[in-house]
$ cat structure_13.txt   # compact mmCIF, C-alpha atoms
# COMPACT_ATOMS: atom_id res chain seq x y z
CA MET A 26 -16.78 73.85 73.10
CA GLY A 27 -20.12 72.08 73.33
CA LYS A 28 -21.57 69.76 70.74
CA VAL A 29 -24.26 71.06 68.40
CA LYS A 30 -26.69 68.54 66.92
CA LEU A 31 -27.39 68.86 63.20
CA ASN A 32 -30.26 67.64 61.03
CA ILE A 33 -30.33 67.27 57.26
CA LEU A 34 -32.32 70.17 55.84
CA GLY A 35 -31.97 69.33 52.16
CA LEU A 36 -29.92 69.01 49.01
CA SER A 37 -29.71 71.49 46.15
CA TYR A 38 -27.62 72.12 43.08
CA SER A 39 -24.44 73.97 43.94
CA GLN A 40 -24.56 77.60 42.80
CA THR A 41 -20.75 77.74 42.70
CA GLN A 42 -19.53 74.41 41.30
CA THR A 43 -20.87 72.70 38.19
CA GLY A 44 -21.92 69.09 38.76
CA ALA A 45 -21.77 69.45 42.52
CA TYR A 46 -24.48 69.68 45.16
CA ALA A 47 -24.92 71.52 48.41
CA LEU A 48 -25.81 69.40 51.40
CA VAL A 49 -27.44 71.69 53.94
CA LEU A 50 -27.27 70.74 57.60
CA ALA A 51 -29.40 72.66 60.09
CA GLU A 52 -28.72 73.32 63.74
CA GLU A 53 -31.40 71.42 65.69
CA ASP A 54 -31.99 74.12 68.29
CA GLY A 55 -31.30 77.23 66.23
CA ASP A 56 -31.50 78.98 62.89
CA ARG A 57 -27.97 78.45 61.58
CA ARG A 58 -27.30 76.31 58.51
CA ILE A 59 -24.10 74.73 57.24
CA PRO A 60 -23.88 74.27 53.45
CA ILE A 61 -21.37 71.60 52.43
CA ILE A 62 -20.41 71.07 48.78
CA ILE A 63 -20.48 67.37 47.84
CA GLY A 64 -20.22 65.34 44.65
CA GLY A 65 -23.08 63.93 42.63
CA VAL A 66 -22.46 60.30 43.66
CA GLU A 67 -22.51 61.18 47.35
CA ALA A 68 -25.62 63.33 46.88
CA GLN A 69 -27.30 60.37 45.18
CA ALA A 70 -26.34 58.05 48.07
CA ILE A 71 -27.90 60.48 50.55
CA ALA A 72 -31.02 61.06 48.43
CA ILE A 73 -31.64 57.33 47.94
CA GLN A 74 -31.65 56.80 51.70
CA LEU A 75 -33.88 59.83 52.31
CA GLU A 76 -36.35 58.42 49.80
CA GLU A 77 -36.10 54.94 51.31
CA LEU A 78 -35.43 53.43 47.88
CA GLU A 79 -34.01 49.91 47.89
CA PRO A 80 -31.53 49.28 45.10
CA PRO A 81 -31.41 45.72 43.73
CA ARG A 82 -27.74 45.45 44.74
CA PRO A 83 -26.12 47.16 47.72
CA LEU A 84 -24.41 50.48 47.10
CA THR A 85 -21.11 51.25 48.81
CA HIS A 86 -22.66 52.75 51.95
CA ASP A 87 -25.15 49.87 52.20
CA LEU A 88 -22.25 47.43 51.92
CA PHE A 89 -20.45 49.30 54.69
CA LYS A 90 -23.52 48.97 56.91
CA SER A 91 -23.89 45.23 56.19
CA PHE A 92 -20.20 44.69 56.90
CA ALA A 93 -20.38 46.60 60.19
CA ILE A 94 -23.50 44.74 61.34
CA ALA A 95 -21.95 41.37 60.43
CA PHE A 96 -19.05 42.11 62.78
CA SER A 97 -21.20 43.68 65.53
CA ILE A 98 -19.94 47.20 64.93
CA LYS A 99 -22.35 50.02 65.68
CA ILE A 100 -21.99 53.60 64.44
CA VAL A 101 -23.16 55.69 67.39
CA GLU A 102 -22.59 59.18 66.00
CA VAL A 103 -20.95 61.28 63.33
CA ASN A 104 -18.82 64.23 64.38
CA ILE A 105 -17.84 67.08 62.04
CA TYR A 106 -14.82 68.11 64.04
CA ARG A 107 -12.73 70.42 61.86
CA LEU A 108 -13.04 73.08 59.17
CA HIS A 109 -9.83 73.96 57.37
CA GLU A 110 -9.56 76.01 54.17
CA GLY A 111 -13.22 75.39 53.37
CA ILE A 112 -13.01 71.61 53.85
CA PHE A 113 -15.03 69.88 56.58
CA TYR A 114 -13.42 66.94 58.38
CA SER A 115 -15.59 64.26 59.95
CA GLU A 116 -15.27 61.06 61.91
CA LEU A 117 -17.46 58.08 62.62
CA ILE A 118 -17.68 57.12 66.29
CA CYS A 119 -17.94 53.31 66.29
CA GLU A 120 -18.56 50.83 69.09
CA SER A 121 -17.90 47.12 69.20
CA GLY A 122 -18.37 45.55 72.60
CA ASN A 123 -16.48 47.75 75.06
CA ASN A 124 -14.28 49.28 72.36
CA ARG A 125 -14.95 52.76 71.01
CA VAL A 126 -13.07 53.78 67.86
CA ARG A 127 -12.97 56.99 65.82
CA ILE A 128 -12.65 56.57 62.04
CA ASP A 129 -11.78 59.48 59.76
CA SER A 130 -14.31 60.07 56.96
CA ARG A 131 -15.30 62.51 54.27
CA THR A 132 -18.31 64.44 55.52
CA SER A 133 -20.52 63.35 52.61
CA ASP A 134 -19.78 59.68 53.32
CA ALA A 135 -20.25 60.19 57.05
CA VAL A 136 -23.71 61.71 56.50
CA ALA A 137 -24.71 58.89 54.09
CA ILE A 138 -23.64 56.35 56.71
CA ALA A 139 -25.34 58.25 59.56
CA LEU A 140 -28.62 58.04 57.63
CA ARG A 141 -28.27 54.29 57.27
CA PHE A 142 -27.48 53.76 60.95
CA LYS A 143 -30.00 56.40 62.06
CA CYS A 144 -27.35 57.97 64.28
CA PRO A 145 -27.00 61.65 65.21
CA ILE A 146 -24.70 64.14 63.48
CA TYR A 147 -22.82 66.69 65.61
CA THR A 148 -20.42 69.55 65.14
CA SER A 149 -18.79 72.05 67.47
CA GLU A 150 -20.00 75.53 68.35
CA GLU A 151 -16.75 76.86 66.88
CA ILE A 152 -17.42 75.30 63.47
CA ILE A 153 -21.04 76.37 63.29
CA GLU A 154 -20.00 79.91 64.24
CA LYS A 155 -17.37 79.91 61.50
CA ALA A 156 -19.37 78.23 58.70
CA GLY A 157 -22.99 78.66 59.74
CA ILE A 158 -25.30 80.99 57.90
CA THR A 159 -28.69 82.25 59.04
CA LEU A 160 -31.37 82.47 56.38
CA SER A 161 -33.86 85.27 56.67
CA ILE A 162 -37.35 83.90 57.28
CA GLU A 163 -38.95 86.63 55.18
CA GLY A 164 -36.59 86.19 52.23
CA GLU A 165 -38.29 83.80 49.83
CA SER A 166 -35.35 84.05 47.45
CA ASP A 167 -32.94 82.70 50.07
CA GLU A 168 -35.20 79.83 51.13
CA SER A 169 -35.85 78.82 47.53
CA LYS A 170 -32.15 78.08 47.05
CA ILE A 171 -32.41 75.21 49.53
CA ALA A 172 -35.04 72.62 48.88
CA PRO A 173 -36.28 70.92 52.04
CA VAL A 174 -35.81 67.17 52.31
CA LYS A 175 -39.56 66.65 51.99
CA ASP A 176 -39.56 68.31 48.56
CA VAL A 177 -36.13 67.38 47.31
CA LYS A 178 -35.99 63.73 48.27
CA SER A 179 -34.16 63.14 45.00
CA THR A 180 -31.37 65.56 44.28
CA HIS A 181 -32.97 66.52 40.99
CA GLU A 182 -35.54 69.16 40.24
CA TYR A 183 -38.40 68.66 37.82
CA ARG A 184 -38.08 70.44 34.53
CA LYS A 185 -40.89 72.76 33.47
CA SER A 186 -42.42 70.06 31.28
CA ASN A 187 -43.37 66.86 33.07
CA PRO A 188 -42.10 63.88 31.02
CA PHE A 189 -44.35 61.44 32.93
CA GLU A 190 -47.64 63.26 32.53
CA GLY A 191 -49.03 60.97 29.82
CA TYR A 192 -48.48 57.70 31.71
CA SER A 193 -50.94 55.84 33.92
CA LYS A 194 -50.07 54.91 37.53
CA SER A 195 -49.50 51.26 36.61
CA GLN A 196 -47.21 52.27 33.75
CA LEU A 197 -45.29 54.55 36.08
CA GLN A 198 -44.94 51.75 38.62
CA ASP A 199 -43.51 49.46 35.92
CA MET A 200 -41.13 52.23 34.85
CA LEU A 201 -40.09 52.75 38.49
CA ASP A 202 -39.34 49.05 38.96
CA ALA A 203 -37.30 49.01 35.74
CA ALA A 204 -35.36 52.15 36.71
CA ILE A 205 -34.43 50.67 40.10
CA LYS A 206 -33.44 47.38 38.50
CA ASN A 207 -31.21 49.27 36.03
CA GLU A 208 -29.81 51.39 38.88
CA ASP A 209 -31.04 54.60 37.24
CA TYR A 210 -31.82 56.30 40.54
CA GLU A 211 -32.27 59.76 39.08
CA LYS A 212 -35.14 58.53 36.91
CA ALA A 213 -36.51 56.39 39.75
CA SER A 214 -36.62 59.44 42.01
CA GLN A 215 -38.50 61.47 39.43
CA ILE A 216 -41.04 58.68 38.79
CA ARG A 217 -41.57 58.16 42.52
CA ASP A 218 -42.19 61.88 43.01
CA GLU A 219 -44.73 61.82 40.18
CA LEU A 220 -46.53 58.85 41.76
CA GLU A 221 -46.60 60.64 45.12
CA ARG A 222 -47.88 63.83 43.48
CA ARG A 223 -50.85 61.89 42.06
$ encode --input "structure_13.txt" --output "C-alpha cells"
Amino acid sequence: MGKVKLNILGLSYSQTQTGAYALVLAEEDGDRRIPIIIGGVEAQAIAIQLEELEPPRPLTHDLFKSFAIAFSIKIVEVNIYRLHEGIFYSELICESGNNRVRIDSRTSDAVAIALRFKCPIYTSEEIIEKAGITLSIEGESDESKIAPVKDVKSTHEYRKSNPFEGYSKSQLQDMLDAAIKNEDYEKASQIRDELERR
C-alpha cells in the first residue's frame, strides 16, 4: 500500500468524549479526513506550536526536540501505521548519521513532535480507507464541526461575550505576556486571537 501524506486541518471539541478534542488530519491530495480523539494536554501542545507561542520554559515536546538536536537526531517523518479497535498507532522515523530508527509513539505526541521538526505526516491507503471520512462541500453544518487551523489556532472557541472587549491593545499585550509567563496558554491563545482580530 502506498503512503498518503496528511496535513493538519484543525482541532475541535470532541462531540463524543467530554474533555477531549478531535485532531483532524486531511489527505493532501484528496478530500478524505481522519478525525483522531486526543486529550486536552496534547491538543494544547499542538495548538501552541500552530500559534507559534513560545512558553517561558520548554514543554515536554520542546524538551524532546532540544534533546534530539543536542544528540544530532533528526525526525524525518511520522507514520501512522496501524488502526486497531479505534486506536491509531504511530511511529517516529529518526535519523542519526547513517542510522535510521523507528520509535513507537502515541499519534497525538507524534503530531506535536512533527510540528516542531516540520516533518511530514503519512499514513497508508488502507488506514485512510478504513478511517477516512469525506465532508460534503455544500454541507455547512459538517464543515462547522471542524475549525480550520487558521481559525482555531488555540483549541478553544470564543464564548458569545468577549471578555477582552474593554481592554486597550497595550493592556492586552501586558495580559498576554503575563499569561505566557504563568503558563496559562488557554488565556494566552484567546488574548492573541483578540489582538489579531483588532
$ closest_residue --input "structure_13.txt" --among "A:Ile33, A:Ile205, A:Ile94, A:Met200" --to "A:Arg82" --atoms "all atoms listed in the file"
A:Ile205
$ residues_around --input "structure_13.txt" --residues "A:Ser193" --least-positions-apart "5" --cutoff "12 Å" --atoms "all atoms listed in the file" --output "number ranges by chain"
A: 198-200, 216, 219-220, 223
$ residues_around --input "structure_13.txt" --residues "stretch 143-158 of chain A" --least-positions-apart "4" --cutoff "10 Å" --atoms "only C-alpha atoms" --output "number ranges by chain"
A: 26-33, 50-53, 56-61, 99-109, 111, 113, 115, 117-118, 135-139
$ residues_around --input "structure_13.txt" --residues "A:Thr43" --least-positions-apart "2" --cutoff "12 Å" --atoms "all atoms listed in the file" --output "number ranges by chain"
A: 37-41, 45-47, 62-65
$ residues_near_point --input "structure_13.txt" --point "(-32.6, 52.6, 48.6)" --cutoff "12 Å" --atoms "all atoms listed in the file" --output "number ranges by chain"
A: 69-87, 137, 140-141, 178-179, 205-206, 208-211, 213-214
$ atom_distance --input "structure_13.txt" --atom1 "atom CA of A:Glu67" --atom2 "atom CA of A:Leu36"
10.9 Å
$ atom_distance --input "structure_13.txt" --atom1 "atom CA of A:Ile98" --atom2 "atom CA of A:Ser121"
4.7 Å
$ axis_aligned_box --input "structure_13.txt" --around "stretch 205-219 of chain A" --padding-each-side "5 Å" --output "JSON"
{"center_x": -37.3, "center_y": 54.6, "center_z": 39.5, "size_x": 24.9, "size_y": 24.5, "size_z": 17.0}
$ atom_distance --input "structure_13.txt" --atom1 "atom CA of A:Tyr192" --atom2 "atom CA of A:Glu221"
13.9 Å
$ build_atoms --input "structure_13.txt" --residues "stretch 39-50 of chain A" --atoms "N, CA and C atoms" --output "mmCIF file, in the coordinates of the input"
data_model
loop_
_atom_site.group_PDB
_atom_site.id
_atom_site.type_symbol
_atom_site.label_atom_id
_atom_site.label_comp_id
_atom_site.auth_asym_id
_atom_site.auth_seq_id
_atom_site.Cartn_x
_atom_site.Cartn_y
_atom_site.Cartn_z
ATOM 1 N N SER A 39 -25.399 72.973 43.505
ATOM 2 C CA SER A 39 -24.440 73.970 43.940
ATOM 3 C C SER A 39 -24.494 75.179 43.011
ATOM 4 N N GLN A 40 -24.551 76.367 43.591
ATOM 5 C CA GLN A 40 -24.560 77.600 42.800
ATOM 6 C C GLN A 40 -23.144 77.967 42.361
ATOM 7 N N THR A 41 -22.132 77.343 42.972
ATOM 8 C CA THR A 41 -20.750 77.740 42.700
ATOM 9 C C THR A 41 -19.950 76.719 41.909
ATOM 10 N N GLN A 42 -20.313 75.440 41.987
ATOM 11 C CA GLN A 42 -19.530 74.410 41.300
ATOM 12 C C GLN A 42 -20.431 73.557 40.414
ATOM 13 N N THR A 43 -20.091 73.489 39.140
ATOM 14 C CA THR A 43 -20.870 72.700 38.190
ATOM 15 C C THR A 43 -20.762 71.214 38.526
ATOM 16 N N GLY A 44 -21.898 70.530 38.500
ATOM 17 C CA GLY A 44 -21.920 69.090 38.760
ATOM 18 C C GLY A 44 -21.853 68.719 40.215
ATOM 19 N N ALA A 45 -21.831 69.722 41.079
ATOM 20 C CA ALA A 45 -21.770 69.450 42.520
ATOM 21 C C ALA A 45 -23.100 69.835 43.162
ATOM 22 N N TYR A 46 -23.263 69.424 44.405
ATOM 23 C CA TYR A 46 -24.480 69.680 45.160
ATOM 24 C C TYR A 46 -24.129 70.290 46.498
ATOM 25 N N ALA A 47 -25.081 70.989 47.063
ATOM 26 C CA ALA A 47 -24.920 71.520 48.410
ATOM 27 C C ALA A 47 -25.775 70.701 49.358
ATOM 28 N N LEU A 48 -25.119 70.087 50.320
ATOM 29 C CA LEU A 48 -25.810 69.400 51.400
ATOM 30 C C LEU A 48 -25.973 70.428 52.508
ATOM 31 N N VAL A 49 -27.201 70.670 52.923
ATOM 32 C CA VAL A 49 -27.440 71.690 53.940
ATOM 33 C C VAL A 49 -27.838 71.024 55.242
ATOM 34 N N LEU A 50 -27.010 71.254 56.260
ATOM 35 C CA LEU A 50 -27.270 70.740 57.600
ATOM 36 C C LEU A 50 -27.765 71.888 58.466
#
